[in-house]
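Remarks on the structure that follows.
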Amino acid sequence: MEDEKKCKIKILKDGPYIVTGSVPLSEKIIIAKGKEYEFISGCEFPLKETYSLCRCGKSKNKPFCDGAHEHYDFDGTETASKEKYKDRADLYEGSDMYVSDDGRCAYARFCHRKEGNVWALAEKSGDPHLRDEAIIAANDCPSGRLVAYDKDGNTTEKQFEPAIEIIQDPENEVSSGLYVKGGIPIESCDGEEYESRNRVMICRCGESRNKPFCDATHVMVKFSDEK
């Protein structure tokens with residue numbers, strides 16, 4: 001637990017993410033299986049105490065920063081709300097569960113299952129199978145947009161260990177955001193911290209309108225970390 005407290009992502013003004021605390025870094029690839037999606041493992045990176053991740057999308061050494069932000073006049077102004085998730089999210093009541101939704105979509109598509117999306121499944125959650133499917137759809141969302149609760153207000157979300165995953169999305173022929181897991185604190189360039197959460201996706205294409213969080217703009221701009 002002491003090591004977890006040392007983990008941090010510090011956002012530099014118009015610059016990169018500085019990651020400290022020996023946070024594991026790896027790659028995950030979104031693949032389609034019929035109407036559902038899952039992650040498969042890609043490459044892993046050597047464990048380092050501190051490293052800098054590109055936030056402007058222009059580094060020639062992605063995912064790491066190479067100073068390109070200084071040459072591209074990168075505007076990294078943070079525009080995301082620092083309100084807590086529960087204060088921002090809408091609560092949807094299904095027949096036997098609740099789903100909260102803060103609208104922060106990274107277009108990872110895990111909210112879709114073979115038998116419907118998370119909202120439709122929650123409406124039919126009196127069926128135990130469909131309730132389980134709704135829970136999977138909510139909990140697998142890497143952006144943290146969705147959280148499933150039972151009627152007593154308890155969540156069954158798995159608590160992750162601190163890690164950062166670089167997401168690739170070959171179906172859309174793009175590279176996606178950075179999946180931050182396990183409640184790693186994210187410190188704004190002004191020194192204030194965003195709420196620590198089990199799952200969030202932060203932008204690495206440099207084009208999100210909700211920085212530092214991913215808003216799926218990488219799909220529109222066809223961001224690739226191979227360029």
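Just remember, in the structure tokens the first chain shown is A, the second B, etc., residues are 1-based per chain, and ligands are 1-based in the order shown.
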
Per DSSP on the backbone, filter chain A down to the residues in strand (DSSP E or B) and report them as a PyMOL selection string.
chain A and resi 8-11+17-20+25-33+36-44+50-53+64+90-93+98-101+112-113+116-117+146-149+155+163-169+174-181+186-187+193+199-202+213

Using only C-alpha atoms, determine which residues lie at most 6 Å from stretch 118-130 of chain A, disregarding the query and same-chain residues fewer than 6 positions distant; provide the list as a PyMOL selection string.
chain A and resi 94-96+111+137

Please report, as a Markdown table, each residue of stretch 123-205 of chain A lying at most 12 Å from stretch 17-34 of chain A, together with the nearest pair of atoms and the separation in Å rounded to one decimal; use only C-alpha atoms, and order rows by chain and ascending residue number.
| residue | atom | partner | partner_atom | distance |
| --- | --- | --- | --- | --- |
| A:Asp140 | CA | A:Ile30 | CA | 11.6 |
| A:Cys141 | CA | A:Ile30 | CA | 11.7 |
| A:Pro142 | CA | A:Ile30 | CA | 10.9 |
| A:Glu161 | CA | A:Pro24 | CA | 9.5 |
| A:Pro162 | CA | A:Val23 | CA | 6.4 |
| A:Ala163 | CA | A:Pro24 | CA | 5.0 |
| A:Ile164 | CA | A:Leu25 | CA | 5.0 |
| A:Glu165 | CA | A:Ser26 | CA | 5.0 |
| A:Ile166 | CA | A:Glu27 | CA | 4.5 |
| A:Ile167 | CA | A:Lys28 | CA | 5.1 |
| A:Gln168 | CA | A:Ile29 | CA | 4.7 |
| A:Asp169 | CA | A:Ile30 | CA | 5.2 |
| A:Pro170 | CA | A:Ile30 | CA | 7.1 |
| A:Glu171 | CA | A:Ile31 | CA | 7.2 |
| A:Asn172 | CA | A:Ile30 | CA | 9.8 |
| A:Glu173 | CA | A:Ile30 | CA | 10.8 |
| A:Val174 | CA | A:Ile30 | CA | 10.6 |
| A:Ser175 | CA | A:Ile29 | CA | 9.2 |
| A:Ser176 | CA | A:Ile29 | CA | 9.4 |
| A:Gly177 | CA | A:Lys28 | CA | 10.6 |
| A:Leu178 | CA | A:Glu27 | CA | 9.2 |
| A:Tyr179 | CA | A:Lys28 | CA | 9.1 |
| A:Val180 | CA | A:Leu25 | CA | 9.7 |
| A:Lys181 | CA | A:Val23 | CA | 9.9 |
| A:Gly182 | CA | A:Val23 | CA | 10.2 |
| A:Gly183 | CA | A:Val23 | CA | 11.5 |
| A:Ile184 | CA | A:Val23 | CA | 8.9 |
| A:Pro185 | CA | A:Val19 | CA | 10.0 |
| A:Ile186 | CA | A:Tyr17 | CA | 9.1 |
| A:Glu187 | CA | A:Tyr17 | CA | 9.4 |
| A:Ser188 | CA | A:Tyr17 | CA | 9.8 |
| A:Cys189 | CA | A:Tyr17 | CA | 9.7 |
| A:Ile202 | CA | A:Tyr17 | CA | 9.9 |
| A:Cys203 | CA | A:Tyr17 | CA | 10.2 |
| A:Arg204 | CA | A:Tyr17 | CA | 9.4 |

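The helix (DSSP H, G or I) portion of stretch 66-214 of chain A consists of Ala68, His69, Glu70, Tyr85, Lys86, Asp87, Arg88, Val118, Trp119, Ala120, Leu121, Ala122, Glu123, Pro128, His129, Leu130, Arg131, Asp132, Glu133, Ala134, Ile135, Ile136, Ala137, Ala138, Asn139, Pro170, Glu171 and Asn172 of chain A, with states taken from DSSP on the backbone.
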
For the residues in that selection, give me N, CA and C atoms as a compact mmCIF listing (two decimals), in the first residue's frame.
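selection_21.txt, written as the output of this step:
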# COMPACT_ATOMS: atom_id res chain seq x y z
N ALA A 68 8.90 17.08 -28.22
CA ALA A 68 8.24 17.62 -29.42
C ALA A 68 7.24 18.71 -29.10
N HIS A 69 6.62 18.66 -27.91
CA HIS A 69 5.62 19.66 -27.54
C HIS A 69 6.18 21.08 -27.60
N GLU A 70 7.49 21.22 -27.39
CA GLU A 70 8.12 22.54 -27.40
C GLU A 70 8.21 23.11 -28.81
N TYR A 85 -16.73 12.08 -9.34
CA TYR A 85 -17.54 11.29 -10.27
C TYR A 85 -19.01 11.27 -9.89
N LYS A 86 -19.31 11.00 -8.62
CA LYS A 86 -20.71 10.87 -8.21
C LYS A 86 -21.48 12.18 -8.37
N ASP A 87 -20.77 13.30 -8.33
CA ASP A 87 -21.43 14.59 -8.50
C ASP A 87 -21.65 14.92 -9.97
N ARG A 88 -20.89 14.29 -10.85
CA ARG A 88 -21.01 14.56 -12.28
C ARG A 88 -21.90 13.56 -13.00
N VAL A 118 -25.06 -1.54 -22.35
CA VAL A 118 -25.19 -1.59 -20.90
C VAL A 118 -26.51 -1.01 -20.41
N TRP A 119 -27.01 0.03 -21.07
CA TRP A 119 -28.24 0.66 -20.62
C TRP A 119 -29.45 -0.25 -20.88
N ALA A 120 -29.48 -0.87 -22.07
CA ALA A 120 -30.57 -1.79 -22.40
C ALA A 120 -30.51 -3.02 -21.49
N LEU A 121 -29.32 -3.49 -21.22
CA LEU A 121 -29.18 -4.66 -20.35
C LEU A 121 -29.62 -4.35 -18.93
N ALA A 122 -29.30 -3.15 -18.45
CA ALA A 122 -29.71 -2.76 -17.10
C ALA A 122 -31.23 -2.71 -16.98
N GLU A 123 -31.89 -2.25 -18.04
CA GLU A 123 -33.35 -2.20 -18.02
C GLU A 123 -33.96 -3.58 -17.86
N PRO A 128 -31.19 -12.60 -14.36
CA PRO A 128 -29.84 -12.65 -13.78
C PRO A 128 -28.72 -12.66 -14.82
N HIS A 129 -28.94 -13.34 -15.94
CA HIS A 129 -27.92 -13.38 -16.98
C HIS A 129 -27.68 -11.99 -17.57
N LEU A 130 -28.76 -11.29 -17.86
CA LEU A 130 -28.62 -9.96 -18.44
C LEU A 130 -28.04 -8.97 -17.43
N ARG A 131 -28.36 -9.17 -16.16
CA ARG A 131 -27.74 -8.33 -15.12
C ARG A 131 -26.23 -8.55 -15.09
N ASP A 132 -25.81 -9.79 -15.17
CA ASP A 132 -24.37 -10.09 -15.20
C ASP A 132 -23.71 -9.47 -16.42
N GLU A 133 -24.40 -9.51 -17.55
CA GLU A 133 -23.85 -8.91 -18.77
C GLU A 133 -23.74 -7.39 -18.63
N ALA A 134 -24.72 -6.78 -17.98
CA ALA A 134 -24.68 -5.33 -17.76
C ALA A 134 -23.50 -4.96 -16.86
N ILE A 135 -23.25 -5.76 -15.85
CA ILE A 135 -22.14 -5.51 -14.94
C ILE A 135 -20.81 -5.61 -15.68
N ILE A 136 -20.68 -6.63 -16.52
CA ILE A 136 -19.45 -6.78 -17.33
C ILE A 136 -19.27 -5.56 -18.23
N ALA A 137 -20.35 -5.15 -18.90
CA ALA A 137 -20.28 -4.03 -19.83
C ALA A 137 -19.85 -2.73 -19.13
N ALA A 138 -20.35 -2.53 -17.92
CA ALA A 138 -19.98 -1.33 -17.16
C ALA A 138 -18.55 -1.41 -16.65
N ASN A 139 -18.19 -2.53 -16.06
CA ASN A 139 -16.88 -2.66 -15.42
C ASN A 139 -15.73 -2.76 -16.40
N PRO A 170 -7.02 -1.41 -33.54
CA PRO A 170 -6.85 -1.72 -34.97
C PRO A 170 -8.15 -1.71 -35.77
N GLU A 171 -9.28 -2.00 -35.12
CA GLU A 171 -10.54 -1.98 -35.86
C GLU A 171 -10.80 -0.60 -36.45
N ASN A 172 -10.45 0.45 -35.72
CA ASN A 172 -10.60 1.82 -36.21
C ASN A 172 -9.33 2.38 -36.82

Atom pair atom CA of A:Ile11 + atom CA of A:Ser143, distance 18.2 Å

With a cut-off of 12 Å, could you pull out the residues of stretch 179-214 of chain A touching stretch 47-63 of chain A and give me the nearest pair of atoms for each, distance in Å to one decimal, using only C-alpha atoms, ordered by chain and ascending number, as a tab-separated table?
residue	atom	partner	partner_atom	distance
A:Ile202	CA	A:Arg55	CA	9.0
A:Cys203	CA	A:Arg55	CA	6.8
A:Arg204	CA	A:Arg55	CA	4.5
A:Cys205	CA	A:Gly57	CA	4.2
A:Gly206	CA	A:Cys56	CA	4.1
A:Glu207	CA	A:Cys56	CA	7.8
A:Ser208	CA	A:Cys56	CA	10.1
A:Lys211	CA	A:Arg55	CA	9.7
A:Pro212	CA	A:Arg55	CA	8.7
A:Phe213	CA	A:Arg55	CA	10.7
A:Cys214	CA	A:Arg55	CA	10.9

Contacts of A:Tyr149 at 8 Å or less, counting only C-alpha atoms, minus same-chain residues fewer than 6 places along, as a list in words?
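In the requested form, the answer reads Met97, Tyr98, Val99, Thr155 and Thr156 of chain A.
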
Taking N, CA and C atoms for each residue, export the selection above as a PDB file, in the first residue's frame.
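Output saved as out-v3.pdb:
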ATOM      1  N   MET A  97     -30.886  -3.163 -10.870  1.00  0.00           N
ATOM      2  CA  MET A  97     -29.558  -2.591 -10.671  1.00  0.00           C
ATOM      3  C   MET A  97     -29.579  -1.121 -11.064  1.00  0.00           C
ATOM      4  N   TYR A  98     -28.484  -0.439 -10.760  1.00  0.00           N
ATOM      5  CA  TYR A  98     -28.278   0.939 -11.201  1.00  0.00           C
ATOM      6  C   TYR A  98     -26.991   1.012 -12.015  1.00  0.00           C
ATOM      7  N   VAL A  99     -26.960   1.962 -12.933  1.00  0.00           N
ATOM      8  CA  VAL A  99     -25.730   2.270 -13.668  1.00  0.00           C
ATOM      9  C   VAL A  99     -25.517   3.772 -13.616  1.00  0.00           C
ATOM     10  N   THR A 155     -21.119  -1.795  -5.405  1.00  0.00           N
ATOM     11  CA  THR A 155     -20.573  -2.085  -6.721  1.00  0.00           C
ATOM     12  C   THR A 155     -19.724  -3.354  -6.665  1.00  0.00           C
ATOM     13  N   THR A 156     -19.716  -4.088  -7.760  1.00  0.00           N
ATOM     14  CA  THR A 156     -18.928  -5.318  -7.835  1.00  0.00           C
ATOM     15  C   THR A 156     -17.661  -5.102  -8.655  1.00  0.00           C
TER      16      THR A 156
END

Between atom CA of A:Met201 and atom CA of A:Leu146, what is the spacing in Å?
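Taking atom CA of A:Leu146 and atom CA of A:Met201, their separation equals 12.3 Å.
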
From the list A:Tyr72, A:Gly153, A:Lys114, A:Ala80, which residue is nearest A:Ser100 when using only C-alpha atoms?
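Comparing A:Tyr72, A:Gly153, A:Lys114, A:Ala80 against A:Ser100, the winner is A:Gly153.
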